[in-house]
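K.L.:
This is the structure I want to talk about, given as structure tokens.
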Amino acid sequence: MTKHRIALIPGDGIGTEVVPAARRVLEAVGARHGLEWEFTEFDWSCRRYLRQGAMMPEDGLERLREHDAILLGAVGYPGVPDHVSLWGLLIPIRRGFQQYVNLRPIKVFEGVPSPVRGALPGEVDFVVVRENVEGEYSEIGGRMNRGFPDELAVQEAVFTRAGVTRVVDYAFALAERRRGRLTSATKSNGIVHTMPFWDELVAERAARHPAVSWDQEHIDALAAKLVLDPARFDVVVGSNLFGDILSDLAAAVAGSIGIAPSANLNPERAHPSMFEPVHGSAPDIAGRGIANPVGAIWSAAMMLEHLGHPDAAEDVNAAIAAALADGTVLTPDLGGSAGTKEVTEYVVELVEAAAR
């Protein structure tokens with residue numbers, strides 16, 4: 001048996017429903033592939049913030065450090081400002097563990113019709129690689145003259161050669177393993193310093209990957225092309241802000257943000273990586289048992305891949321695809337009436353059936 005220590009942070013809202021679903025699938029696929037799990041659950045969340053004044057304890061990163069990976073549900077709760085929940089939990093983990101690659105695969109599945117005409121299963125299959133620890137989401141800036149007519153806010157974007165180079169190298173290497181095409185998101189016609197710098201570094205690194213054909217698109221035109229012709233893309237690389245927006249748009253193109261996964265990767269594996277569905281905490285449906293668990297389950301499959309178990313990951317991915325294609329256990333966001341538990345148990349059945 002191969003044993004892995006996994007930190008579970010269900011978080012808020014439907015996060016507390018989809019993380020147990022992902023755990024259930026991991027246990028099923030682990031039994032087939034000789035994987036033993038030691039799960040440790042942490043109650044770090046907006047609810048904790050309201051009780052104790054902090055999303056997580058001061059030694060939170062040290063408590064996570066001993067784990068092989070982290071599985072996160074979602075954070076966000078009415079009454080707690082979003083910047084408090086994000087900067088109190090998610091961003092400190094990403095930055096403290098140098099999870100500088102945010103990986104978001106996008107796929108149109110059989111059984112999940114895209115709202116975009118012509119976005120067909122088997123044709124739309126690409127990955128957004130988002131720079132995850134610097135860029136537009138910096139801590140540099142501030143506000144002055146609060147409450148006065150001349151109140152102002154300043155936010156500085158930070159792009160470093162090391163930070164851009166490493167995420168761009170990762171994206172080019174990924175494109176080499178896929179279909180050999182890369183698109184860089186930019187806005188160098190309007191953002192005069194950081195985006196030309198980004199473009200220069202992309203061109204510099206491209207020279208080291210001659211097998212990859214590449215181009216760059218201004219973010220506004222790229223957003224339109226993701227909708228008009230999503231099948232043309234293979235790997236899309238962008239800054240923190242651009243990658244964030246593009247991947248959510250792309251998830252909608254794929255039919256529902258409820259099925260979208262993501263990975264926050266430390267490629268050097270010096271620190272644990274974190275895996276999470278793209279959807280938020282969805283307080284409007286929390287507690288009703290109808291949350292779509294596919295995004296969390298697919299994120300768990302990405303975790304399996306990262307931990308070195310590609311066959312186990314493929315079993316989970318195949319079960320997800322089969323469950324969606326079947327069409328009998330779709331949650332309301334996909335036009336069905338199934339609940340979280342029904343979807344999870346069906347995926348588990350498919351995983352277990354693959355072992356027979």
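Residue numbering restarts at 1 in every chain; chains get A, B, ... in the order shown in the structure tokens, and ligands count up from 1 in that same order.
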For Gly287 (chain A), find every residue with an atom within 10 Å (counting only C-alpha atoms), except residues of its own chain fewer than 4 positions away, and show them as an MDAnalysis selection string.
P.N.:
chainID A and resid 13:14 16:17 282:283 291
K.L.:
Can you pull out every residue within 12 Å of Glu345 (chain A), counting only C-alpha atoms, but drop anything in the same chain fewer than 5 positions away, and send it as a ChimeraX atom specification?
P.N.:
/A:20-25,28,293-294,297,319-320,323,329,338-340,350-352
K.L.:
Rank nothing, just name the residue among A:Leu246, A:Glu204, A:Asn240, A:Leu86 nearest to Leu222 (chain A), using only C-alpha atoms.
P.N.:
A:Leu246
K.L.:
Which residues, written as a ChimeraX atom specification, have at least one atom at most 9 Å from region 40-47 of chain A, with only C-alpha atoms counted and residues fewer than 5 positions away on the same chain left out?
P.N.:
/A:5-12,52,54-57,67,74-78,80,84-85,89
K.L.:
For Glu200 (chain A), list every protein, DNA or RNA residue within 12 Å, evaluated using only C-alpha atoms, and leave out those in the same chain fewer than 4 positions away; present the list as a VMD selection string.
P.N.:
chain A and resid 161 164 to 165 168 184 186 188 193 to 196 204 to 207 216
K.L.:
Any chance you could export the current selection's all heavy atoms as a tab-separated table (two decimals), in the first residue's frame?
P.N.:
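Saved result, part.tsv, follows:
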chain	number	residue	atom	x	y	z
A	161	ARG	N	10.81	38.65	-13.55
A	161	ARG	CA	11.35	37.74	-14.57
A	161	ARG	C	11.25	36.29	-14.11
A	161	ARG	O	10.85	35.41	-14.89
A	161	ARG	CB	12.81	38.11	-14.88
A	161	ARG	CG	13.53	37.12	-15.79
A	161	ARG	CD	14.89	37.61	-16.20
A	161	ARG	NE	14.78	38.65	-17.22
A	161	ARG	CZ	14.70	38.41	-18.54
A	161	ARG	NH1	14.68	37.14	-18.97
A	161	ARG	NH2	14.63	39.38	-19.39
A	164	VAL	N	7.36	35.15	-14.12
A	164	VAL	CA	6.78	34.95	-15.45
A	164	VAL	C	7.46	33.78	-16.15
A	164	VAL	O	6.79	32.92	-16.75
A	164	VAL	CB	6.90	36.23	-16.29
A	164	VAL	CG1	6.41	35.99	-17.71
A	164	VAL	CG2	6.12	37.38	-15.65
A	165	THR	N	8.78	33.72	-16.06
A	165	THR	CA	9.51	32.68	-16.78
A	165	THR	C	9.08	31.28	-16.35
A	165	THR	O	8.86	30.39	-17.18
A	165	THR	CB	11.03	32.85	-16.55
A	165	THR	OG1	11.44	34.09	-17.14
A	165	THR	CG2	11.81	31.71	-17.18
A	168	VAL	N	5.54	30.39	-17.62
A	168	VAL	CA	5.54	30.25	-19.07
A	168	VAL	C	6.26	28.98	-19.49
A	168	VAL	O	5.81	28.25	-20.38
A	168	VAL	CB	6.15	31.50	-19.72
A	168	VAL	CG1	6.42	31.27	-21.21
A	168	VAL	CG2	5.23	32.71	-19.53
A	184	SER	N	-0.78	32.94	-25.64
A	184	SER	CA	-0.47	33.81	-24.50
A	184	SER	C	-1.47	34.95	-24.45
A	184	SER	O	-1.69	35.65	-25.44
A	184	SER	CB	0.95	34.36	-24.64
A	184	SER	OG	1.20	35.36	-23.67
A	186	THR	N	-2.48	38.62	-23.38
A	186	THR	CA	-1.76	39.86	-23.12
A	186	THR	C	-2.70	41.05	-23.24
A	186	THR	O	-3.88	40.89	-23.54
A	186	THR	CB	-0.57	40.00	-24.10
A	186	THR	OG1	0.19	41.16	-23.74
A	186	THR	CG2	-1.05	40.14	-25.53
A	188	SER	N	-0.81	44.24	-24.18
A	188	SER	CA	0.34	45.13	-24.29
A	188	SER	C	0.06	46.37	-25.13
A	188	SER	O	0.90	47.28	-25.17
A	188	SER	CB	1.53	44.37	-24.89
A	188	SER	OG	1.16	43.67	-26.05
A	193	HIS	N	3.69	48.74	-19.35
A	193	HIS	CA	4.93	48.22	-18.77
A	193	HIS	C	4.89	46.71	-18.57
A	193	HIS	O	5.74	45.98	-19.09
A	193	HIS	CB	5.24	48.91	-17.44
A	193	HIS	CG	5.48	50.38	-17.57
A	193	HIS	ND1	6.47	50.90	-18.39
A	193	HIS	CD2	4.87	51.45	-16.98
A	193	HIS	CE1	6.46	52.22	-18.31
A	193	HIS	NE2	5.49	52.57	-17.47
A	194	THR	N	3.92	46.24	-17.78
A	194	THR	CA	3.94	44.83	-17.41
A	194	THR	C	3.65	43.90	-18.59
A	194	THR	O	4.27	42.85	-18.72
A	194	THR	CB	2.93	44.55	-16.28
A	194	THR	OG1	1.62	44.97	-16.69
A	194	THR	CG2	3.33	45.29	-15.02
A	195	MET	N	2.73	44.28	-19.45
A	195	MET	CA	2.36	43.37	-20.54
A	195	MET	C	3.42	43.29	-21.64
A	195	MET	O	3.69	42.19	-22.15
A	195	MET	CB	0.99	43.75	-21.10
A	195	MET	CG	-0.19	43.35	-20.21
A	195	MET	SD	-0.43	41.55	-20.08
A	195	MET	CE	0.32	41.21	-18.48
A	196	PRO	N	4.07	44.38	-22.05
A	196	PRO	CA	5.20	44.21	-22.97
A	196	PRO	C	6.30	43.34	-22.36
A	196	PRO	O	6.94	42.55	-23.07
A	196	PRO	CB	5.68	45.64	-23.21
A	196	PRO	CG	4.44	46.46	-23.06
A	196	PRO	CD	3.70	45.80	-21.92
A	204	GLU	N	10.90	34.96	-25.52
A	204	GLU	CA	12.22	34.43	-25.12
A	204	GLU	C	12.14	32.95	-24.80
A	204	GLU	O	12.97	32.16	-25.23
A	204	GLU	CB	12.70	35.22	-23.92
A	204	GLU	CG	14.02	34.76	-23.34
A	204	GLU	CD	14.37	35.54	-22.08
A	204	GLU	OE1	14.58	36.77	-22.18
A	204	GLU	OE2	14.41	34.93	-20.99
A	205	ARG	N	11.13	32.55	-24.04
A	205	ARG	CA	11.00	31.14	-23.65
A	205	ARG	C	10.53	30.27	-24.81
A	205	ARG	O	10.86	29.08	-24.89
A	205	ARG	CB	10.05	30.98	-22.47
A	205	ARG	CG	10.36	31.85	-21.27
A	205	ARG	CD	11.82	31.89	-20.89
A	205	ARG	NE	12.31	30.63	-20.34
A	205	ARG	CZ	13.55	30.45	-19.90
A	205	ARG	NH1	14.43	31.44	-19.98
A	205	ARG	NH2	13.93	29.28	-19.43
A	206	ALA	N	9.77	30.86	-25.73
A	206	ALA	CA	9.30	30.10	-26.90
A	206	ALA	C	10.46	29.57	-27.71
A	206	ALA	O	10.38	28.48	-28.31
A	206	ALA	CB	8.40	30.98	-27.76
A	207	ALA	N	11.56	30.32	-27.75
A	207	ALA	CA	12.72	29.90	-28.52
A	207	ALA	C	13.29	28.59	-28.00
A	207	ALA	O	13.97	27.86	-28.74
A	207	ALA	CB	13.78	30.99	-28.49
A	216	GLN	N	0.02	35.14	-29.57
A	216	GLN	CA	-0.47	35.91	-28.43
A	216	GLN	C	-1.72	36.66	-28.87
A	216	GLN	O	-1.87	37.04	-30.02
A	216	GLN	CB	0.59	36.88	-27.91
A	216	GLN	CG	1.04	37.93	-28.89
A	216	GLN	CD	2.19	38.76	-28.32
A	216	GLN	OE1	3.11	38.24	-27.71
A	216	GLN	NE2	2.14	40.07	-28.54
